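Source file target_38.txt; content: compact mmCIF, C-alpha atoms.
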```txt
# COMPACT_ATOMS: atom_id res chain seq x y z
CA MET A 19 -1.30 31.49 -28.51
CA ARG A 20 -1.06 34.22 -25.90
CA THR A 21 -0.58 37.79 -27.02
CA THR A 22 2.57 39.30 -25.57
CA ALA A 23 3.20 43.02 -25.43
CA HIS A 24 6.21 45.02 -24.30
CA GLU A 25 6.40 48.57 -23.00
CA GLU A 26 6.71 51.12 -25.80
CA SER A 27 9.03 53.74 -24.46
CA GLY A 28 11.52 54.62 -27.14
CA PRO A 29 15.28 54.25 -26.68
CA GLN A 30 16.21 53.36 -23.12
CA THR A 31 19.52 53.32 -21.35
CA GLY A 32 20.72 53.30 -17.79
CA PRO A 33 20.19 51.18 -14.68
CA ASP A 34 16.41 51.26 -14.79
CA THR A 35 16.21 49.26 -18.00
CA ALA A 36 17.12 45.72 -18.92
CA PRO A 37 17.14 43.55 -22.03
CA ASP A 38 13.84 41.91 -22.80
CA THR A 39 13.92 38.27 -21.77
CA SER A 40 10.20 37.59 -21.62
CA PRO A 41 8.39 35.29 -24.05
CA GLY A 42 7.99 36.92 -27.39
CA GLY A 43 11.19 38.91 -27.28
CA ALA A 44 14.89 38.30 -26.80
CA ALA A 45 17.80 40.35 -25.66
CA GLY A 46 19.32 42.25 -28.52
CA HIS A 47 16.27 41.93 -30.76
CA PRO A 48 13.54 44.48 -31.43
CA THR A 49 10.43 43.96 -29.33
CA ALA A 50 6.92 43.91 -30.72
CA ALA A 51 4.78 47.00 -30.44
CA PRO A 52 1.91 46.72 -27.95
CA PRO A 53 -1.36 45.55 -29.52
CA ARG A 54 -3.92 48.23 -30.19
CA LEU A 55 -6.32 48.81 -27.31
CA GLY A 56 -9.81 47.88 -28.51
CA ARG A 57 -12.98 49.48 -27.19
CA GLY A 58 -14.16 46.30 -25.49
CA THR A 59 -10.89 45.85 -23.64
CA LEU A 60 -10.83 49.53 -22.69
CA LEU A 61 -14.35 49.24 -21.29
CA LEU A 62 -13.38 46.14 -19.31
CA MET A 63 -10.37 47.93 -17.85
CA SER A 64 -12.53 50.90 -16.94
CA VAL A 65 -15.09 48.70 -15.17
CA ALA A 66 -12.32 46.76 -13.42
CA THR A 67 -10.82 49.91 -11.91
CA GLY A 68 -14.22 51.08 -10.69
CA LEU A 69 -15.14 47.79 -9.03
CA ALA A 70 -11.66 47.41 -7.52
CA VAL A 71 -11.77 50.71 -5.65
CA ALA A 72 -15.48 50.66 -4.81
CA GLY A 73 -14.96 48.48 -1.74
CA ASN A 74 -13.01 51.29 -0.08
CA TYR A 75 -16.04 53.61 -0.19
CA PHE A 76 -19.06 51.44 0.64
CA ALA A 77 -18.81 52.39 4.30
CA GLN A 78 -19.13 56.14 3.82
CA PRO A 79 -22.96 56.37 3.64
CA LEU A 80 -23.27 53.46 6.09
CA LEU A 81 -21.07 54.73 8.93
CA ASP A 82 -24.06 55.38 11.17
CA VAL A 83 -25.71 51.97 10.65
CA ILE A 84 -22.38 50.08 10.86
CA GLY A 85 -21.59 51.89 14.09
CA HIS A 86 -24.94 50.92 15.61
CA ASP A 87 -24.68 47.30 14.46
CA LEU A 88 -21.16 46.76 15.79
CA HIS A 89 -21.51 49.15 18.77
CA LEU A 90 -18.87 51.59 17.55
CA SER A 91 -18.47 55.25 18.48
CA THR A 92 -18.78 57.89 15.78
CA GLY A 93 -15.03 58.42 15.76
CA THR A 94 -14.29 54.70 15.48
CA ALA A 95 -16.85 54.28 12.69
CA ALA A 96 -15.22 57.12 10.76
CA LEU A 97 -11.89 55.30 11.06
CA VAL A 98 -13.23 52.71 8.60
CA VAL A 99 -12.75 55.27 5.84
CA THR A 100 -9.31 56.26 7.09
CA VAL A 101 -8.16 52.63 7.36
CA ALA A 102 -9.36 51.89 3.81
CA GLN A 103 -7.40 54.81 2.40
CA THR A 104 -4.33 53.98 4.49
CA GLY A 105 -4.38 50.40 3.20
CA TYR A 106 -4.77 51.68 -0.34
CA GLY A 107 -1.83 54.03 0.18
CA LEU A 108 0.38 51.17 1.38
CA GLY A 109 -0.66 49.11 -1.63
CA LEU A 110 0.27 51.96 -3.92
CA LEU A 111 3.70 52.19 -2.34
CA LEU A 112 4.43 48.46 -1.97
CA LEU A 113 2.51 46.68 -4.74
CA VAL A 114 2.00 48.99 -7.73
CA PRO A 115 5.76 49.27 -8.52
CA LEU A 116 5.69 45.51 -9.15
CA GLY A 117 4.13 46.36 -12.52
CA ASP A 118 7.62 47.43 -13.63
CA LEU A 119 9.01 44.07 -12.51
CA LEU A 120 6.33 41.38 -12.97
CA GLU A 121 4.02 40.44 -15.82
CA ARG A 122 1.18 42.94 -15.52
CA ARG A 123 -1.79 40.82 -16.50
CA ARG A 124 -0.97 38.21 -13.89
CA LEU A 125 -0.38 40.90 -11.27
CA ALA A 126 -3.77 42.52 -11.98
CA VAL A 127 -5.58 39.16 -11.85
CA VAL A 128 -3.97 38.13 -8.55
CA LEU A 129 -4.75 41.47 -6.92
CA CYS A 130 -8.40 41.35 -8.06
CA THR A 131 -8.76 37.83 -6.67
CA LEU A 132 -7.27 38.82 -3.32
CA THR A 133 -9.58 41.83 -3.17
CA ALA A 134 -12.56 39.47 -3.51
CA VAL A 135 -11.23 37.34 -0.64
CA PHE A 136 -10.73 40.31 1.68
CA LEU A 137 -14.16 41.73 0.86
CA THR A 138 -15.62 38.53 2.30
CA VAL A 139 -13.66 39.16 5.51
CA THR A 140 -15.29 42.57 5.82
CA ALA A 141 -18.72 41.19 4.94
CA SER A 142 -18.55 38.57 7.70
CA ALA A 143 -16.88 40.74 10.38
CA PRO A 144 -18.50 40.16 13.81
CA ASN A 145 -16.82 43.15 15.47
CA GLY A 146 -15.08 46.44 14.77
CA ALA A 147 -11.56 44.98 14.93
CA LEU A 148 -12.13 42.44 12.16
CA LEU A 149 -14.05 45.03 10.15
CA LEU A 150 -11.00 47.30 10.22
CA VAL A 151 -8.67 44.41 9.30
CA GLY A 152 -10.82 43.38 6.33
CA THR A 153 -11.15 46.98 5.20
CA ALA A 154 -7.41 47.59 5.41
CA LEU A 155 -6.55 44.42 3.44
CA THR A 156 -9.18 45.22 0.82
CA GLY A 157 -7.64 48.65 0.41
CA LEU A 158 -4.17 47.12 0.12
CA THR A 159 -5.02 44.84 -2.82
CA SER A 160 -7.58 47.06 -4.54
CA VAL A 161 -4.60 48.91 -6.04
CA ALA A 162 -5.21 46.56 -8.95
CA ALA A 163 -6.93 49.66 -10.33
CA GLN A 164 -3.57 51.45 -10.41
CA VAL A 165 -1.90 48.53 -12.16
CA VAL A 166 -4.60 48.58 -14.84
CA MET A 167 -4.35 52.36 -15.35
CA PRO A 168 -0.74 52.53 -16.68
CA PHE A 169 -1.39 49.22 -18.46
CA ALA A 170 -4.09 50.98 -20.49
CA ALA A 171 -1.84 54.00 -21.05
CA THR A 172 0.86 51.73 -22.46
CA LEU A 173 -1.52 49.91 -24.81
CA SER A 174 -2.89 53.18 -26.24
CA ALA A 175 -1.36 55.24 -29.04
CA PRO A 176 0.58 58.26 -27.70
CA ALA A 177 -1.80 60.72 -29.38
CA GLU A 178 -4.77 59.04 -27.66
CA ARG A 179 -3.23 58.51 -24.23
CA GLY A 180 -5.09 61.38 -22.61
CA ARG A 181 -8.43 60.07 -23.85
CA THR A 182 -7.57 56.54 -22.73
CA VAL A 183 -6.52 57.65 -19.24
CA GLY A 184 -9.63 59.81 -19.03
CA THR A 185 -11.87 56.88 -19.98
CA VAL A 186 -10.33 54.49 -17.46
CA MET A 187 -10.37 57.25 -14.84
CA THR A 188 -14.07 57.78 -15.49
CA GLY A 189 -14.66 54.14 -14.59
CA LEU A 190 -12.58 54.46 -11.45
CA LEU A 191 -14.34 57.64 -10.36
CA LEU A 192 -17.77 56.20 -11.06
CA GLY A 193 -16.77 53.25 -8.90
CA ILE A 194 -15.84 55.59 -6.05
CA LEU A 195 -19.00 57.67 -6.32
CA LEU A 196 -21.59 55.03 -7.24
CA ALA A 197 -20.25 52.79 -4.47
CA ARG A 198 -22.13 55.05 -2.07
CA THR A 199 -25.37 54.68 -4.02
CA ALA A 200 -25.04 50.89 -4.28
CA ALA A 201 -24.16 50.63 -0.60
CA GLY A 202 -27.20 52.63 0.47
CA LEU A 203 -29.64 50.72 -1.73
CA LEU A 204 -28.30 47.25 -0.88
CA ALA A 205 -28.19 48.12 2.83
CA GLU A 206 -31.91 48.84 2.67
CA LEU A 207 -32.54 45.49 0.95
CA GLY A 208 -30.33 43.14 2.94
CA GLY A 209 -28.27 45.01 5.52
CA TRP A 210 -24.92 46.76 5.27
CA ARG A 211 -22.99 43.51 4.66
CA THR A 212 -24.81 42.75 1.40
CA VAL A 213 -22.84 45.19 -0.74
CA TYR A 214 -19.54 43.61 0.31
CA TRP A 215 -20.74 40.11 -0.65
CA VAL A 216 -21.96 41.37 -4.03
CA ASN A 217 -18.70 43.20 -4.75
CA ALA A 218 -16.67 40.10 -3.82
CA ALA A 219 -18.54 38.05 -6.44
CA LEU A 220 -18.08 40.77 -9.07
CA MET A 221 -14.34 41.00 -8.39
CA LEU A 222 -13.95 37.28 -8.99
CA LEU A 223 -15.74 37.71 -12.33
CA ILE A 224 -13.49 40.66 -13.23
CA ALA A 225 -10.38 38.62 -12.41
CA LEU A 226 -11.53 35.92 -14.83
CA LEU A 227 -12.35 38.41 -17.62
CA LEU A 228 -9.01 40.20 -17.25
CA ARG A 229 -7.25 36.86 -17.49
CA LEU A 230 -9.10 36.09 -20.73
CA ARG A 231 -9.01 39.50 -22.44
CA LEU A 232 -5.77 41.28 -21.55
CA PRO A 233 -2.49 40.67 -23.38
CA THR A 234 0.57 39.74 -21.36
CA LEU A 235 2.81 42.74 -20.73
CA ARG A 236 6.20 42.70 -19.08
CA THR A 237 8.72 45.50 -18.65
CA SER A 238 11.68 44.44 -16.54
CA ALA A 239 13.18 47.33 -14.61
CA GLY A 240 16.32 45.26 -14.05
CA LEU A 241 16.02 45.75 -10.29
CA ARG A 242 15.30 43.58 -7.28
CA TYR A 243 12.25 44.45 -5.21
CA PRO A 244 14.00 46.53 -2.48
CA ALA A 245 15.86 48.51 -5.15
CA LEU A 246 12.60 48.92 -7.07
CA LEU A 247 10.99 50.52 -4.02
CA ARG A 248 13.98 52.78 -3.49
CA SER A 249 13.89 53.87 -7.12
CA THR A 250 10.20 54.72 -6.73
CA LEU A 251 10.94 57.05 -3.84
CA ALA A 252 13.97 58.46 -5.69
CA LEU A 253 11.67 59.69 -8.45
CA PHE A 254 10.55 62.48 -6.11
CA ALA A 255 14.13 63.76 -5.99
CA HIS A 256 14.69 63.57 -9.74
CA GLU A 257 11.34 64.58 -11.26
CA PRO A 258 10.02 68.07 -10.37
CA VAL A 259 6.79 67.44 -12.31
CA LEU A 260 6.08 64.52 -9.99
CA ARG A 261 6.77 66.61 -6.88
CA TRP A 262 4.43 69.42 -7.87
CA ARG A 263 1.67 67.16 -9.12
CA ALA A 264 1.87 64.86 -6.10
CA ALA A 265 1.42 67.83 -3.79
CA LEU A 266 -1.47 69.18 -5.85
CA GLY A 267 -3.12 65.76 -6.00
CA ALA A 268 -2.74 65.16 -2.25
CA LEU A 269 -4.39 68.46 -1.39
CA THR A 270 -7.30 68.08 -3.80
CA PHE A 271 -8.05 64.51 -2.73
CA ALA A 272 -7.82 65.55 0.92
CA ALA A 273 -10.55 68.11 0.20
CA PHE A 274 -12.57 65.42 -1.60
CA SER A 275 -12.28 63.10 1.42
CA VAL A 276 -13.31 65.86 3.81
CA LEU A 277 -16.63 66.22 1.99
CA TRP A 278 -17.44 62.54 1.58
CA THR A 279 -16.40 61.56 5.12
CA ALA A 280 -18.60 64.25 6.69
CA ALA A 281 -21.55 64.03 4.29
CA ALA A 282 -23.05 60.92 5.92
CA PHE A 283 -23.00 62.60 9.34
CA LEU A 284 -24.60 65.78 8.00
CA LEU A 285 -27.34 64.03 6.03
CA SER A 286 -28.23 61.53 8.76
CA GLY A 287 -28.27 64.28 11.39
CA PRO A 288 -31.01 66.67 12.46
CA ALA A 289 -30.55 69.07 9.51
CA TYR A 290 -31.75 66.46 6.96
CA GLY A 291 -32.57 63.18 8.72
CA TRP A 292 -32.05 61.01 5.62
CA GLN A 293 -31.98 57.20 5.57
CA GLU A 294 -29.00 55.18 4.28
CA SER A 295 -30.49 54.59 0.82
CA THR A 296 -31.20 58.30 0.37
CA ILE A 297 -27.72 59.26 1.52
CA GLY A 298 -26.28 56.82 -1.00
CA LEU A 299 -28.13 58.58 -3.80
CA LEU A 300 -25.88 61.59 -3.24
CA GLY A 301 -23.25 59.55 -5.10
CA LEU A 302 -25.35 59.90 -8.26
CA VAL A 303 -25.03 63.66 -7.98
CA GLY A 304 -21.28 63.40 -7.48
CA ALA A 305 -21.04 61.02 -10.44
CA ALA A 306 -21.95 63.91 -12.73
CA GLY A 307 -18.54 65.35 -11.90
CA SER A 308 -16.84 62.23 -13.23
CA LEU A 309 -17.69 63.41 -16.74
CA ALA A 310 -14.86 65.87 -16.26
CA ALA A 311 -12.36 63.01 -16.41
CA SER A 312 -12.96 62.23 -20.07
CA ALA A 313 -13.06 65.91 -21.03
CA ALA A 314 -9.86 66.63 -19.09
CA GLY A 315 -8.14 63.74 -20.87
CA ARG A 316 -9.05 65.14 -24.28
CA LEU A 317 -7.86 68.61 -23.29
CA ALA A 318 -4.61 67.08 -22.06
CA ASP A 319 -4.09 65.57 -25.52
CA ARG A 320 -4.26 69.17 -26.81
CA GLY A 321 -1.56 70.35 -24.39
CA LEU A 322 -3.89 72.10 -21.94
CA ALA A 323 -3.33 69.97 -18.83
CA HIS A 324 -1.61 72.76 -16.85
CA ARG A 325 -4.35 75.27 -17.58
CA VAL A 326 -7.17 72.83 -16.81
CA SER A 327 -5.69 71.93 -13.43
CA GLY A 328 -5.33 75.61 -12.48
CA VAL A 329 -8.88 76.55 -13.41
CA CYS A 330 -10.25 73.53 -11.58
CA ALA A 331 -8.22 74.21 -8.45
CA VAL A 332 -9.96 77.59 -8.26
CA LEU A 333 -13.34 75.90 -8.83
CA LEU A 334 -12.55 73.52 -5.98
CA LEU A 335 -12.00 76.44 -3.64
CA GLY A 336 -15.26 78.06 -4.73
CA SER A 337 -17.25 74.87 -4.18
CA TRP A 338 -16.83 75.16 -0.42
CA GLY A 339 -18.90 78.32 -0.34
CA LEU A 340 -21.82 76.37 -1.81
CA LEU A 341 -21.21 73.44 0.51
CA ALA A 342 -21.14 75.69 3.57
CA ALA A 343 -24.52 77.09 2.58
CA GLY A 344 -25.84 73.53 2.40
CA GLY A 345 -25.44 72.75 6.07
CA THR A 346 -28.68 74.14 7.47
CA GLY A 347 -31.32 71.96 5.78
CA GLY A 348 -34.29 73.09 3.71
CA GLY A 349 -34.84 73.43 -0.03
CA TRP A 350 -32.37 76.20 -0.84
CA SER A 351 -29.74 74.70 1.43
CA LEU A 352 -30.10 71.31 -0.30
CA ALA A 353 -29.78 72.94 -3.72
CA ALA A 354 -26.55 74.65 -2.62
CA LEU A 355 -25.24 71.37 -1.20
CA LEU A 356 -25.93 69.46 -4.41
CA ALA A 357 -24.36 72.17 -6.56
CA GLY A 358 -21.30 72.20 -4.32
CA VAL A 359 -20.94 68.41 -4.61
CA VAL A 360 -21.05 68.56 -8.43
CA VAL A 361 -18.52 71.40 -8.66
CA LEU A 362 -16.16 69.82 -6.13
CA ASP A 363 -16.19 66.41 -7.81
CA LEU A 364 -15.79 67.90 -11.27
CA ALA A 365 -12.80 69.96 -10.12
CA VAL A 366 -11.07 67.12 -8.28
CA GLN A 367 -11.44 64.65 -11.14
CA ALA A 368 -10.21 67.11 -13.78
CA VAL A 369 -7.15 67.99 -11.70
CA HIS A 370 -6.41 64.31 -11.13
CA VAL A 371 -6.59 63.31 -14.80
CA SER A 372 -4.47 66.32 -15.80
CA ASN A 373 -1.89 65.33 -13.19
CA GLN A 374 -1.69 61.75 -14.42
CA ASN A 375 -1.31 62.77 -18.05
CA LEU A 376 1.60 65.04 -17.18
CA ILE A 377 3.27 62.41 -14.99
CA TYR A 378 2.92 59.56 -17.50
CA GLY A 379 4.82 61.65 -20.04
CA VAL A 380 7.90 62.00 -17.83
CA ARG A 381 9.47 58.52 -18.09
CA PRO A 382 7.44 55.95 -20.04
CA GLU A 383 9.62 53.03 -18.92
CA ALA A 384 8.81 53.78 -15.26
CA ARG A 385 5.07 54.43 -15.49
CA ASN A 386 4.11 52.04 -12.71
CA ARG A 387 6.64 53.56 -10.32
CA LEU A 388 5.61 57.09 -11.27
CA ASN A 389 1.98 56.12 -10.75
CA SER A 390 2.88 54.50 -7.44
CA ALA A 391 4.69 57.60 -6.20
CA TYR A 392 1.93 59.95 -7.31
CA MET A 393 -0.99 57.84 -6.10
CA THR A 394 0.68 57.13 -2.75
CA SER A 395 0.82 60.86 -2.17
CA TYR A 396 -2.72 61.22 -3.50
CA PHE A 397 -4.25 58.73 -1.10
CA ALA A 398 -2.07 59.83 1.80
CA GLY A 399 -3.77 63.18 1.31
CA GLY A 400 -7.16 61.45 1.26
CA ALA A 401 -6.41 59.53 4.46
CA ALA A 402 -5.26 62.74 6.16
CA GLY A 403 -8.44 64.52 5.04
CA SER A 404 -10.62 61.73 6.47
CA ALA A 405 -8.69 61.63 9.75
CA LEU A 406 -8.87 65.41 10.19
CA THR A 407 -12.60 65.32 9.48
CA SER A 408 -13.12 62.61 12.10
CA MET A 409 -11.39 64.76 14.71
CA LEU A 410 -13.06 68.02 13.65
CA TRP A 411 -16.66 66.89 13.27
CA GLY A 412 -17.40 66.71 17.01
CA PRO A 413 -16.16 70.16 18.04
CA GLY A 414 -16.60 71.98 14.73
CA GLY A 415 -19.57 70.39 12.96
CA TRP A 416 -20.31 71.17 9.32
CA ALA A 417 -18.95 74.73 9.55
CA GLY A 418 -15.60 73.44 10.80
CA VAL A 419 -15.48 70.80 8.07
CA CYS A 420 -16.13 73.40 5.37
CA THR A 421 -13.40 75.63 6.78
CA LEU A 422 -10.99 72.70 6.64
CA GLY A 423 -11.97 71.88 3.05
CA ALA A 424 -11.60 75.49 1.96
CA GLY A 425 -8.17 75.72 3.57
CA LEU A 426 -6.95 72.60 1.76
CA SER A 427 -8.34 73.92 -1.53
CA ALA A 428 -6.66 77.29 -1.05
CA ALA A 429 -3.38 75.45 -0.48
CA ALA A 430 -3.94 73.58 -3.77
CA VAL A 431 -4.38 76.88 -5.61
CA GLY A 432 -1.14 78.06 -4.01
CA VAL A 433 0.76 74.96 -5.15
CA TRP A 434 -0.49 75.34 -8.73
CA THR A 435 0.46 79.03 -8.72
CA ALA A 436 3.95 78.29 -7.39
CA GLU A 437 4.49 75.62 -10.05
CA ARG A 438 3.26 77.99 -12.75
CA VAL A 439 5.61 80.75 -11.62
CA GLY A 440 8.52 78.30 -11.51
CA ARG A 441 7.77 77.01 -15.01
CA THR A 442 7.53 80.55 -16.37
CA ARG A 443 10.84 81.58 -14.81
CA GLY A 444 12.48 78.40 -16.06
CA ALA A 445 11.25 79.04 -19.61
CA ARG A 446 12.52 82.63 -19.52
CA ALA A 447 15.89 81.51 -18.19
CA ALA A 448 16.15 78.87 -20.92
CA ALA A 449 15.23 81.41 -23.59
CA GLY A 450 17.81 83.86 -22.26
CA SER A 451 20.47 81.18 -22.15
CA SER A 452 19.80 80.05 -25.70
CA GLY A 453 19.98 83.63 -26.96
CA SER A 454 23.27 84.51 -25.26
CA PRO A 455 26.63 84.29 -27.02
CA ALA A 456 28.38 80.91 -26.73
```
What would the structure in this file look like if it were written as structure tokens?
Amino acid sequence: MRTTAHEESGPQTGPDTAPDTSPGGAAGHPTAAPPRLGRGTLLLMSVATGLAVAGNYFAQPLLDVIGHDLHLSTGTAALVVTVAQTGYGLGLLLLVPLGDLLERRRLAVVLCTLTAVFLTVTASAPNGALLLVGTALTGLTSVAAQVVMPFAATLSAPAERGRTVGTVMTGLLLGILLARTAAGLLAELGGWRTVYWVNAALMLLIALLLRLRLPTLRTSAGLRYPALLRSTLALFAHEPVLRWRAALGALTFAAFSVLWTAAAFLLSGPAYGWQESTIGLLGLVGAAGSLAASAAGRLADRGLAHRVSGVCAVLLLGSWGLLAAGGTGGGWSLAALLAGVVVLDLAVQAVHVSNQNLIYGVRPEARNRLNSAYMTSYFAGGAAGSALTSMLWGPGGWAGVCTLGAGLSAAAVGVWTAERVGRTRGARAAAGSSGSPA
């Protein structure tokens, strides 16, 4: 028999909820608690998120070789990254909310399968136009990662949710960062297309494993699809935590994208002159920062998510000083560059996990829509960071890129500070109100 789980969200009322009519539960009857999330299933979900998003980042260390192979300009080659993130952003907005409407296991499996199909389009692209189409469609369906993320949060015990989100996020972040390493190494072995073929095969395997291992999980929002999308956007108006954290996430991921879009141009240029496989190894350095995801999740379980995100926003700003010093080449410059990469990735990942833990606690019955709203903003920031880097690299070079990254990071510190001040004033006002005579 199939295992069926239902969203555990406590008492629910209002238009966003509906009686359970899925198999395993009936309207008017208590629903079963979600099955406990085992370590094997958690590991599978973590790997699935990493492989799903990896296809959006293979091109970053390969922009130069892809451009030469398909006769693309530097600006057009850089658009591959922007198109991937734009497609991902559209998927977050249009597809992830379906997790509050459709059965989640089936949705995750279908999206993983489609991602495999579209990776083959990219792998076989004979020109830049089809490359961009395949990349955009891969980005659109690779949001399977963001269906799996709230799925894992729902299956975990509330006291362990931060750790669970941190673990799955670690897999996702390793997928983003190690994608560059895999792309560089496989490009050396069989050309730039090889990594896309390999990832397509792995995504088909992941789709099969998810189908076999995950329980079914349905939470009907009681809305039709257009109303579901409208309710997702309406969350920005009703949930201040979402507004603040979406802005903070967008700015930090924009800074992240600035670095990783420009890094291939810096390292393949005259300052370093690295080959594709060597450039890809930089992802291993960045992967060290992904360890922050698990630690940030555990700190969030202790109620420290706000503090962690503030400290890490400041670290993000400081990382650009190290990165700027890494633009000239030579031993000391390389050391500064590597240190800056580690600090930047650590800061971005910790802020992101802290944001998600705070957002998931707002309305448990709407986790997919909250995740959709937040992650749409997050990747819109990433796409903007990549696009700005593409325009700035020619006239500004590495110094201009670092100035852009530092400006975005300073804005992130400002957003966190404004939220902190608002929360403090709100707490004081509430305390004063409760202490006044009735």
Range 197-291 of chain A residues near range 310-331 of chain A within 12 Å, closest pair each, using only C-alpha atoms, as a Markdown table:
```
| residue | atom | partner | partner_atom | distance |
| --- | --- | --- | --- | --- |
| A:Val259 | CA | A:His324 | CA | 10.9 |
| A:Trp262 | CA | A:His324 | CA | 11.3 |
| A:Arg263 | CA | A:Ser327 | CA | 9.8 |
| A:Leu266 | CA | A:Ala331 | CA | 8.8 |
| A:Gly267 | CA | A:Ser327 | CA | 10.0 |
| A:Leu269 | CA | A:Ala331 | CA | 9.9 |
| A:Thr270 | CA | A:Ala331 | CA | 7.7 |
| A:Phe271 | CA | A:Ala331 | CA | 11.3 |
| A:Ala273 | CA | A:Ala331 | CA | 10.8 |
| A:Phe274 | CA | A:Ala331 | CA | 12.0 |
```
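For the atom pair formed by CA of Leu300 in chain A and CA of Leu97 in chain A, the distance is 21.0 Å, given to one decimal.
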Inset, instruction - Within 8 Å of (-7.9, 55.3, -17.4) (coordinates as in the file), grab all the protein and nucleic acid residues, counting all atoms listed in the file, and write them out as a ChimeraX atom specification. - result: /A:63-64,166-168,170-171,182-190
Legend entry - 8 Å contact set for range 156-163 of chain A, all atoms listed in the file, chain neighbours under 2 positions out, as a ChimeraX atom specification: /A:66-68,70-71,73-74,102-110,113-114,125-127,129-130,132-134,136-137,152-154,165-167,190
Mind dumping the selected residues with C-alpha atoms as a short mmCIF file (atom, residue, chain, number, x, y, z; two decimals), in the frame of the given file?
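Writing done, so here's again02.cif:
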```cif
data_model
loop_
_atom_site.label_atom_id
_atom_site.label_comp_id
_atom_site.auth_asym_id
_atom_site.auth_seq_id
_atom_site.Cartn_x
_atom_site.Cartn_y
_atom_site.Cartn_z
CA ALA A 66 -12.32 46.76 -13.42
CA THR A 67 -10.82 49.91 -11.91
CA GLY A 68 -14.22 51.08 -10.69
CA ALA A 70 -11.66 47.41 -7.52
CA VAL A 71 -11.77 50.71 -5.65
CA GLY A 73 -14.96 48.48 -1.74
CA ASN A 74 -13.01 51.29 -0.08
CA ALA A 102 -9.36 51.89 3.81
CA GLN A 103 -7.40 54.81 2.40
CA THR A 104 -4.33 53.98 4.49
CA GLY A 105 -4.38 50.40 3.20
CA TYR A 106 -4.77 51.68 -0.34
CA GLY A 107 -1.83 54.03 0.18
CA LEU A 108 0.38 51.17 1.38
CA GLY A 109 -0.66 49.11 -1.63
CA LEU A 110 0.27 51.96 -3.92
CA LEU A 113 2.51 46.68 -4.74
CA VAL A 114 2.00 48.99 -7.73
CA LEU A 125 -0.38 40.90 -11.27
CA ALA A 126 -3.77 42.52 -11.98
CA VAL A 127 -5.58 39.16 -11.85
CA LEU A 129 -4.75 41.47 -6.92
CA CYS A 130 -8.40 41.35 -8.06
CA LEU A 132 -7.27 38.82 -3.32
CA THR A 133 -9.58 41.83 -3.17
CA ALA A 134 -12.56 39.47 -3.51
CA PHE A 136 -10.73 40.31 1.68
CA LEU A 137 -14.16 41.73 0.86
CA GLY A 152 -10.82 43.38 6.33
CA THR A 153 -11.15 46.98 5.20
CA ALA A 154 -7.41 47.59 5.41
CA VAL A 165 -1.90 48.53 -12.16
CA VAL A 166 -4.60 48.58 -14.84
CA MET A 167 -4.35 52.36 -15.35
CA LEU A 190 -12.58 54.46 -11.45
#
```
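Restricting the calculation to all atoms listed in the file, the smallest distance between Ala353 in chain A and any of A:Tyr396, A:Arg438, A:Val303, A:Ala245 is found for A:Val303.
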If you take every atom of range 403-408 of chain A that the file lists and fit an axis-aligned box around them with 4 Å extra on each side, what centre and edge lengths come out in Å to one decimal, as lines of an AutoDock Vina configuration file?
```
center_x = -10.8
center_y = 63.5
center_z = 8.6
size_x = 12.7
size_y = 11.8
size_z = 15.1
```
Set the distance at 6 Å and use only C-alpha atoms: which residues neighbour Ala95 in chain A once local chain neighbours fewer than 3 positions away are removed? I'd like the list as a short mmCIF file (atom, residue, chain, number, x, y, z; two decimals) with C-alpha atoms, in the frame of the given file.
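What ended up in out.cif:
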```cif
data_model
loop_
_atom_site.label_atom_id
_atom_site.label_comp_id
_atom_site.auth_asym_id
_atom_site.auth_seq_id
_atom_site.Cartn_x
_atom_site.Cartn_y
_atom_site.Cartn_z
CA LEU A 81 -21.07 54.73 8.93
CA GLY A 85 -21.59 51.89 14.09
CA LEU A 90 -18.87 51.59 17.55
CA THR A 92 -18.78 57.89 15.78
CA VAL A 98 -13.23 52.71 8.60
#
```
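The interatomic distance for the pair CA of Val213 in chain A and CA of Thr279 in chain A works out to 18.5 Å.
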Legend entry - Residues near Trp215 in chain A, cut-off 8 Å, all atoms listed in the file, skip fewer than 3 positions along chain, as a ChimeraX atom specification: /A:137-138,141,211-212,218-219
Take the residues that were just selected and, keeping C-alpha atoms, output them as a PDB file, keeping the file's coordinate frame.
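Output file part.pdb follows:
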```pdb
ATOM      1  CA  LEU A 137     -14.160  41.730   0.860  1.00  0.00           C
ATOM      2  CA  THR A 138     -15.620  38.530   2.300  1.00  0.00           C
ATOM      3  CA  ALA A 141     -18.720  41.190   4.940  1.00  0.00           C
ATOM      4  CA  ARG A 211     -22.990  43.510   4.660  1.00  0.00           C
ATOM      5  CA  THR A 212     -24.810  42.750   1.400  1.00  0.00           C
ATOM      6  CA  ALA A 218     -16.670  40.100  -3.820  1.00  0.00           C
ATOM      7  CA  ALA A 219     -18.540  38.050  -6.440  1.00  0.00           C
TER       8      ALA A 219
END
```
Inset, instruction - Measure the distance from CA of Arg123 in chain A to CA of Val151 in chain A in Å and round it to one decimal. - result: 26.9 Å
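Considering all atoms listed in the file, the residue among A:Asn386, A:Thr234, A:Val276, A:Leu204 positioned nearest to Gly400 in chain A is A:Val276.
Comparing the minimum interatomic distances between Asp87 in chain A and each of A:Ser395, A:Ser404, A:Asn145, A:Thr346, counting all atoms listed in the file, we find that A:Asn145 sits nearest.
Near (10.5, 48.8, -7.9), the residues inside the 6 Å limit, counting all atoms listed in the file, come to A:Pro115, A:Leu116, A:Tyr243, A:Leu246, A:Leu247.
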